[in-house]
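Shown below: coords28.pdb, with PDB, C-alpha atoms, pLDDT in the B column.
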MODEL        1
ATOM      1  CA  MET A   1     109.236 107.318  86.512  1.00 80.00           C
ATOM      2  CA  LYS A   2     107.759 104.158  88.019  1.00 95.00           C
ATOM      3  CA  LYS A   3     104.031 103.580  87.853  1.00 98.00           C
ATOM      4  CA  VAL A   4     101.580 102.646  90.609  1.00 98.00           C
ATOM      5  CA  LEU A   5      98.275 101.053  89.661  1.00 98.00           C
ATOM      6  CA  VAL A   6      95.320 102.287  91.721  1.00 98.00           C
ATOM      7  CA  LEU A   7      92.713  99.607  91.229  1.00 98.00           C
ATOM      8  CA  ASN A   8      89.080  99.927  92.341  1.00 98.00           C
ATOM      9  CA  GLY A   9      86.545  97.131  92.336  1.00 98.00           C
ATOM     10  CA  PRO A  10      82.777  96.856  92.121  1.00 97.00           C
ATOM     11  CA  ASN A  11      80.481  99.735  92.977  1.00 94.00           C
ATOM     12  CA  LEU A  12      83.320 102.161  93.617  1.00 96.00           C
ATOM     13  CA  ASN A  13      82.176 104.013  90.517  1.00 96.00           C
ATOM     14  CA  LEU A  14      79.242 105.047  92.745  1.00 94.00           C
ATOM     15  CA  LEU A  15      81.405 106.851  95.304  1.00 92.00           C
ATOM     16  CA  GLY A  16      79.753 110.080  96.344  1.00 91.00           C
ATOM     17  CA  LEU A  17      76.313 108.654  95.562  1.00 87.00           C
ATOM     18  CA  ARG A  18      76.174 105.272  97.314  1.00 85.00           C
ATOM     19  CA  GLU A  19      75.739 105.429 101.082  1.00 79.00           C
ATOM     20  CA  PRO A  20      77.364 108.848 101.552  1.00 80.00           C
ATOM     21  CA  ALA A  21      76.966 108.561 105.333  1.00 79.00           C
ATOM     22  CA  LEU A  22      79.380 105.617 105.174  1.00 75.00           C
ATOM     23  CA  TYR A  23      81.629 106.460 102.215  1.00 78.00           C
ATOM     24  CA  GLY A  24      81.363 110.260 102.053  1.00 79.00           C
ATOM     25  CA  HIS A  25      80.568 112.584  99.170  1.00 90.00           C
ATOM     26  CA  THR A  26      83.908 112.285  97.369  1.00 94.00           C
ATOM     27  CA  THR A  27      83.476 110.822  93.885  1.00 96.00           C
ATOM     28  CA  LEU A  28      85.743 108.319  92.153  1.00 97.00           C
ATOM     29  CA  PRO A  29      87.110 111.041  89.811  1.00 98.00           C
ATOM     30  CA  ASP A  30      87.917 113.054  92.968  1.00 97.00           C
ATOM     31  CA  VAL A  31      89.755 110.050  94.428  1.00 98.00           C
ATOM     32  CA  GLU A  32      91.667 109.561  91.189  1.00 98.00           C
ATOM     33  CA  ALA A  33      92.717 113.239  91.208  1.00 98.00           C
ATOM     34  CA  LEU A  34      93.759 112.904  94.855  1.00 98.00           C
ATOM     35  CA  CYS A  35      95.899 109.886  93.921  1.00 98.00           C
ATOM     36  CA  ARG A  36      97.476 111.629  90.939  1.00 98.00           C
ATOM     37  CA  ASP A  37      98.341 114.656  93.099  1.00 98.00           C
ATOM     38  CA  ALA A  38      99.864 112.397  95.764  1.00 98.00           C
ATOM     39  CA  GLY A  39     101.751 110.466  93.096  1.00 98.00           C
ATOM     40  CA  GLN A  40     103.223 113.664  91.682  1.00 98.00           C
ATOM     41  CA  LYS A  41     104.493 114.621  95.161  1.00 98.00           C
ATOM     42  CA  LEU A  42     105.886 111.117  95.667  1.00 98.00           C
ATOM     43  CA  GLY A  43     107.541 110.961  92.253  1.00 97.00           C
ATOM     44  CA  VAL A  44     105.440 108.152  90.797  1.00 98.00           C
ATOM     45  CA  GLU A  45     103.020 107.995  87.902  1.00 98.00           C
ATOM     46  CA  ILE A  46      99.507 106.948  88.874  1.00 98.00           C
ATOM     47  CA  GLU A  47      97.356 104.777  86.636  1.00 98.00           C
ATOM     48  CA  CYS A  48      93.741 104.448  87.811  1.00 98.00           C
ATOM     49  CA  PHE A  49      91.313 101.720  86.820  1.00 98.00           C
ATOM     50  CA  GLN A  50      87.882 100.739  88.107  1.00 98.00           C
ATOM     51  CA  SER A  51      85.734  97.820  87.076  1.00 98.00           C
ATOM     52  CA  ASN A  52      82.673  96.003  88.302  1.00 98.00           C
ATOM     53  CA  TRP A  53      83.979  92.898  86.498  1.00 98.00           C
ATOM     54  CA  GLU A  54      86.262  90.529  88.355  1.00 97.00           C
ATOM     55  CA  GLY A  55      88.046  89.378  85.186  1.00 97.00           C
ATOM     56  CA  ALA A  56      88.981  92.936  84.211  1.00 98.00           C
ATOM     57  CA  LEU A  57      90.536  93.448  87.660  1.00 98.00           C
ATOM     58  CA  ILE A  58      92.449  90.171  87.319  1.00 98.00           C
ATOM     59  CA  ASP A  59      93.736  91.225  83.893  1.00 98.00           C
ATOM     60  CA  ARG A  60      95.031  94.512  85.338  1.00 98.00           C
ATOM     61  CA  ILE A  61      96.776  92.692  88.197  1.00 98.00           C
ATOM     62  CA  HIS A  62      98.456  90.375  85.678  1.00 98.00           C
ATOM     63  CA  GLU A  63      99.512  93.382  83.587  1.00 98.00           C
ATOM     64  CA  ALA A  64     100.911  95.142  86.669  1.00 98.00           C
ATOM     65  CA  GLY A  65     102.797  91.974  87.569  1.00 98.00           C
ATOM     66  CA  ARG A  66     104.508  92.005  84.170  1.00 97.00           C
ATOM     67  CA  GLY A  67     105.341  95.680  84.693  1.00 97.00           C
ATOM     68  CA  TYR A  68     106.776  94.926  88.122  1.00 97.00           C
ATOM     69  CA  LYS A  69     109.051  92.265  86.643  1.00 96.00           C
ATOM     70  CA  ASP A  70     110.292  94.601  83.899  1.00 96.00           C
ATOM     71  CA  GLY A  71     110.846  97.433  86.414  1.00 95.00           C
ATOM     72  CA  THR A  72     108.206  99.877  85.192  1.00 97.00           C
ATOM     73  CA  VAL A  73     105.617  99.263  87.940  1.00 98.00           C
ATOM     74  CA  LEU A  74     106.310  99.879  91.630  1.00 97.00           C
ATOM     75  CA  GLY A  75     103.129  98.251  92.959  1.00 98.00           C
ATOM     76  CA  CYS A  76      99.369  98.412  93.285  1.00 98.00           C
ATOM     77  CA  VAL A  77      96.890 100.027  95.665  1.00 98.00           C
ATOM     78  CA  PHE A  78      93.733  97.935  95.485  1.00 98.00           C
ATOM     79  CA  ASN A  79      90.267  98.591  96.876  1.00 98.00           C
ATOM     80  CA  PRO A  80      88.573  95.323  95.930  1.00 98.00           C
ATOM     81  CA  GLY A  81      85.172  96.388  97.282  1.00 94.00           C
ATOM     82  CA  ALA A  82      82.859  93.447  97.926  1.00 93.00           C
ATOM     83  CA  TYR A  83      85.218  91.091  96.083  1.00 93.00           C
ATOM     84  CA  THR A  84      87.343  91.296  99.243  1.00 94.00           C
ATOM     85  CA  HIS A  85      84.992  88.849 100.909  1.00 88.00           C
ATOM     86  CA  THR A  86      84.273  86.555  97.973  1.00 87.00           C
ATOM     87  CA  SER A  87      87.104  86.335  95.461  1.00 94.00           C
ATOM     88  CA  VAL A  88      89.589  83.523  95.631  1.00 97.00           C
ATOM     89  CA  ALA A  89      90.357  84.389  91.995  1.00 97.00           C
ATOM     90  CA  LEU A  90      91.661  87.855  92.936  1.00 98.00           C
ATOM     91  CA  HIS A  91      93.711  86.329  95.759  1.00 97.00           C
ATOM     92  CA  ASP A  92      95.205  83.859  93.288  1.00 98.00           C
ATOM     93  CA  ALA A  93      95.896  86.617  90.741  1.00 98.00           C
ATOM     94  CA  ILE A  94      97.894  88.586  93.310  1.00 98.00           C
ATOM     95  CA  LYS A  95      99.790  85.478  94.419  1.00 97.00           C
ATOM     96  CA  GLY A  96     100.343  84.553  90.773  1.00 97.00           C
ATOM     97  CA  VAL A  97     102.223  87.756  89.954  1.00 96.00           C
ATOM     98  CA  ASP A  98     105.022  86.851  92.295  1.00 84.00           C
ATOM     99  CA  GLY A  99     106.543  89.869  93.955  1.00 92.00           C
ATOM    100  CA  LEU A 100     104.086  92.610  92.977  1.00 97.00           C
ATOM    101  CA  PRO A 101     103.383  94.495  96.208  1.00 98.00           C
ATOM    102  CA  VAL A 102      99.655  95.072  96.564  1.00 98.00           C
ATOM    103  CA  ILE A 103      98.263  97.285  99.311  1.00 98.00           C
ATOM    104  CA  GLU A 104      94.680  96.331 100.151  1.00 98.00           C
ATOM    105  CA  LEU A 105      92.598  99.408 100.886  1.00 97.00           C
ATOM    106  CA  HIS A 106      89.136  99.993 102.338  1.00 95.00           C
ATOM    107  CA  ILE A 107      87.527 103.395 102.810  1.00 94.00           C
ATOM    108  CA  SER A 108      85.427 102.229 105.749  1.00 85.00           C
ATOM    109  CA  ASN A 109      86.538 100.138 108.702  1.00 80.00           C
ATOM    110  CA  VAL A 110      85.265  96.795 107.448  1.00 79.00           C
ATOM    111  CA  HIS A 111      85.929  95.241 110.873  1.00 76.00           C
ATOM    112  CA  ALA A 112      83.367  97.566 112.471  1.00 71.00           C
ATOM    113  CA  ARG A 113      80.691  96.533 109.978  1.00 77.00           C
ATOM    114  CA  GLU A 114      78.692  93.389 109.260  1.00 73.00           C
ATOM    115  CA  ALA A 115      80.352  90.101 110.244  1.00 76.00           C
ATOM    116  CA  PHE A 116      80.573  88.893 106.625  1.00 67.00           C
ATOM    117  CA  ARG A 117      82.900  91.838 105.884  1.00 70.00           C
ATOM    118  CA  HIS A 118      85.420  90.776 108.533  1.00 71.00           C
ATOM    119  CA  HIS A 119      87.029  88.115 106.327  1.00 82.00           C
ATOM    120  CA  SER A 120      89.255  89.066 103.419  1.00 90.00           C
ATOM    121  CA  PHE A 121      90.479  86.717 100.724  1.00 91.00           C
ATOM    122  CA  ILE A 122      92.827  89.513  99.610  1.00 96.00           C
ATOM    123  CA  SER A 123      94.658  90.167 102.905  1.00 95.00           C
ATOM    124  CA  PRO A 124      96.785  86.984 102.915  1.00 95.00           C
ATOM    125  CA  ALA A 125      98.161  87.950  99.496  1.00 97.00           C
ATOM    126  CA  ALA A 126      98.618  91.666 100.268  1.00 97.00           C
ATOM    127  CA  ALA A 127     101.862  93.383 101.253  1.00 97.00           C
ATOM    128  CA  GLY A 128      99.868  95.686 103.559  1.00 97.00           C
ATOM    129  CA  ILE A 129      96.374  96.834 104.461  1.00 97.00           C
ATOM    130  CA  VAL A 130      94.897 100.309 105.020  1.00 97.00           C
ATOM    131  CA  VAL A 131      91.417 100.345 106.548  1.00 96.00           C
ATOM    132  CA  GLY A 132      89.017 102.993 107.789  1.00 94.00           C
ATOM    133  CA  PHE A 133      90.703 106.309 106.912  1.00 95.00           C
ATOM    134  CA  GLY A 134      88.143 107.346 104.320  1.00 94.00           C
ATOM    135  CA  VAL A 135      89.495 108.385 100.943  1.00 96.00           C
ATOM    136  CA  ASP A 136      92.663 109.638 102.700  1.00 97.00           C
ATOM    137  CA  GLY A 137      93.517 105.947 102.906  1.00 98.00           C
ATOM    138  CA  TYR A 138      94.497 106.058  99.239  1.00 98.00           C
ATOM    139  CA  VAL A 139      97.230 108.594  99.999  1.00 98.00           C
ATOM    140  CA  ILE A 140      98.331 106.617 103.065  1.00 98.00           C
ATOM    141  CA  ALA A 141      98.565 103.469 100.934  1.00 98.00           C
ATOM    142  CA  LEU A 142     100.524 105.259  98.200  1.00 98.00           C
ATOM    143  CA  GLU A 143     102.947 106.745 100.722  1.00 98.00           C
ATOM    144  CA  GLY A 144     103.433 103.361 102.355  1.00 97.00           C
ATOM    145  CA  LEU A 145     104.034 101.650  99.037  1.00 97.00           C
ATOM    146  CA  VAL A 146     106.632 104.233  97.967  1.00 97.00           C
ATOM    147  CA  ARG A 147     108.382 104.071 101.366  1.00 97.00           C
ATOM    148  CA  ARG A 148     108.408 100.268 101.204  1.00 95.00           C
ATOM    149  CA  HIS A 149     110.017 100.423  97.775  1.00 94.00           C
ATOM    150  CA  ALA A 150     112.634 102.946  98.951  1.00 92.00           C
ATOM    151  CA  ARG A 151     113.559 100.744 101.958  1.00 93.00           C
ATOM    152  CA  GLN A 152     113.926  97.692  99.739  1.00 90.00           C
ATOM    153  CA  ALA A 153     115.988  99.613  97.167  1.00 86.00           C
ATOM    154  CA  ALA A 154     118.297 100.921  99.913  1.00 91.00           C
ATOM    155  CA  ALA A 155     118.781  97.401 101.290  1.00 91.00           C
ATOM    156  CA  THR A 156     120.018  96.020  97.962  1.00 81.00           C
TER     157      THR A 156
ENDMDL
END
Full structure transcribed into structure tokens:
Amino acid sequence: MKKVLVLNGPNLNLLGLREPALYGHTTLPDVEALCRDAGQKLGVEIECFQSNWEGALIDRIHEAGRGYKDGTVLGCVFNPGAYTHTSVALHDAIKGVDGLPVIELHISNVHAREAFRHHSFISPAAAGIVVGFGVDGYVIALEGLVRRHARQAAAT
């Protein structure tokens, strides 16, 4: 069974507590359970990881890239949080693991928020973007990633 990495960046450990009017009351463990349930239905193993440290996120992207090359990892769903708007290093990490499909995900519609949130350093390196569907966006991203993989496998 192929693995999908669900990667969450800074402050996402505070889901359910931080700005619930914007992000809802669902906690990160709830999101991880939602992803694991969706993964089971989609036939993929879900590995979840959250860190407030940029380097730890980069290390996980590198690891997933190695897994993609050896055929054990299907891709990554990544909510980079505030690093979206600041991290060239995360952009470079994604570009550096040539081929790993990364779906950028945001719970809120970042384009309807403050102007500084409208720019993403991650988007140009991402295979796709899911924005503004709340925590359901994780399932949408997982479904899209699995469908993308199936299309590519059928084409080869």
Discussion item. I'd like the residues picked by the PyMOL selection byres ((chain A and resi 34) around 12) written out as number ranges by chain, using the chain letters and numbers from the file.
Written reply: A: 6, 26-33, 35-41, 46, 48, 135-140, 142
Practice prompt. Excluding Asn11 of chain A and any residue of its chain fewer than 5 positions from it, enumerate the residues within 9 Å of it, using all atoms listed in the file, and give them as a ChimeraX atom specification.
Written response: /A:18,50-52,81-82
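Comparing the minimum interatomic distances between Gly144 of chain A and each of A:Asn8, A:Ile122, A:Glu104, A:Asp98, counting only C-alpha atoms, we find that A:Glu104 sits nearest.
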Every residue with an atom at most 12 Å from (110.4, 105.0, 95.3) (file coordinates; all atoms listed in the file) is what I'm after, so could you write them as an mmCIF file with C-alpha atoms, in the frame of the given file?
data_model
loop_
_atom_site.group_PDB
_atom_site.id
_atom_site.type_symbol
_atom_site.label_atom_id
_atom_site.label_comp_id
_atom_site.auth_asym_id
_atom_site.auth_seq_id
_atom_site.Cartn_x
_atom_site.Cartn_y
_atom_site.Cartn_z
ATOM 1 C CA MET A 1 109.236 107.318 86.512
ATOM 2 C CA LYS A 2 107.759 104.158 88.019
ATOM 3 C CA LYS A 3 104.031 103.580 87.853
ATOM 4 C CA VAL A 4 101.580 102.646 90.609
ATOM 5 C CA GLY A 39 101.751 110.466 93.096
ATOM 6 C CA GLN A 40 103.223 113.664 91.682
ATOM 7 C CA LYS A 41 104.493 114.621 95.161
ATOM 8 C CA LEU A 42 105.886 111.117 95.667
ATOM 9 C CA GLY A 43 107.541 110.961 92.253
ATOM 10 C CA VAL A 44 105.440 108.152 90.797
ATOM 11 C CA GLU A 45 103.020 107.995 87.902
ATOM 12 C CA GLY A 71 110.846 97.433 86.414
ATOM 13 C CA THR A 72 108.206 99.877 85.192
ATOM 14 C CA VAL A 73 105.617 99.263 87.940
ATOM 15 C CA LEU A 74 106.310 99.879 91.630
ATOM 16 C CA GLY A 75 103.129 98.251 92.959
ATOM 17 C CA LEU A 142 100.524 105.259 98.200
ATOM 18 C CA GLU A 143 102.947 106.745 100.722
ATOM 19 C CA GLY A 144 103.433 103.361 102.355
ATOM 20 C CA LEU A 145 104.034 101.650 99.037
ATOM 21 C CA VAL A 146 106.632 104.233 97.967
ATOM 22 C CA ARG A 147 108.382 104.071 101.366
ATOM 23 C CA ARG A 148 108.408 100.268 101.204
ATOM 24 C CA HIS A 149 110.017 100.423 97.775
ATOM 25 C CA ALA A 150 112.634 102.946 98.951
ATOM 26 C CA ARG A 151 113.559 100.744 101.958
ATOM 27 C CA GLN A 152 113.926 97.692 99.739
ATOM 28 C CA ALA A 153 115.988 99.613 97.167
ATOM 29 C CA ALA A 154 118.297 100.921 99.913
#
Worksheet, complete the sentence: atom CA of Ile94 of chain A sits from atom CA of His111 of chain A at a separation of 22.3 Å
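For the residues A:Ile129, A:Ala115, A:Ala64, A:Ala21, ranking by smallest atom-to-atom distance to Leu100 of chain A using all atoms listed in the file places A:Ala64 first.
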Worksheet item: Quick one: of A:Cys76, A:Leu14, A:Ala155, A:Ala127, who's nearest to Glu47 of chain A, counting only C-alpha atoms?
Response: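 Going through A:Cys76, A:Leu14, A:Ala155, A:Ala127 one by one, the smallest distance to Glu47 of chain A is for A:Cys76.
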Discussion item. Residues near His106 of chain A, anyone? I mean within 7 Å using only C-alpha atoms, not counting same-chain ones fewer than 6 positions away, as an NGL selection string.
Written reply: :A and (79 or 130-132)
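Interatomic distance, atom CA of Phe78 of chain A against atom CA of Val102 of chain A: 6.7 Å.
With all atoms listed in the file as the atoms that count, the residue of A:Ala56, A:Ser123, A:His25, A:Gly16 with the shortest distance to Ile103 of chain A is A:Ser123.
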Practice prompt. Grab the atom CA of Ile61 of chain A to atom CA of His91 of chain A distance for me, in Å with one decimal place.
Written response: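 Computing the Euclidean distance for atom CA of Ile61 of chain A and atom CA of His91 of chain A yields 10.3 Å.
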Item to complete: Evaluate the PyMOL selection byres ((chain A and resi 85) around 10) on the structure here and hand back the selected residues as a PyMOL selection string.
Response: chain A and resi 80-84+86-88+116-123
Worksheet item: Got a sec to resolve the PyMOL selection byres ((chain A and resi 108) around 8) on this structure and send the residues as an MDAnalysis selection string?
Response: chainID A and resid 22:23 106:107 109:110 131:134
What are the centre and edge lengths in Å, to one decimal, of the axis-aligned box around all listed atoms of segment 108-120 of chain A with 5 Å added on each side, as lines of an AutoDock Vina configuration file?
center_x = 84.0
center_y = 95.2
center_z = 107.9
size_x = 20.6
size_y = 24.1
size_z = 19.1
Worksheet item: With only C-alpha atoms as the basis for distance, which of A:Arg60, A:Glu19, A:Gly9, A:Gly128 is at the shortest distance from Pro101 of chain A?
Response: A:Gly128
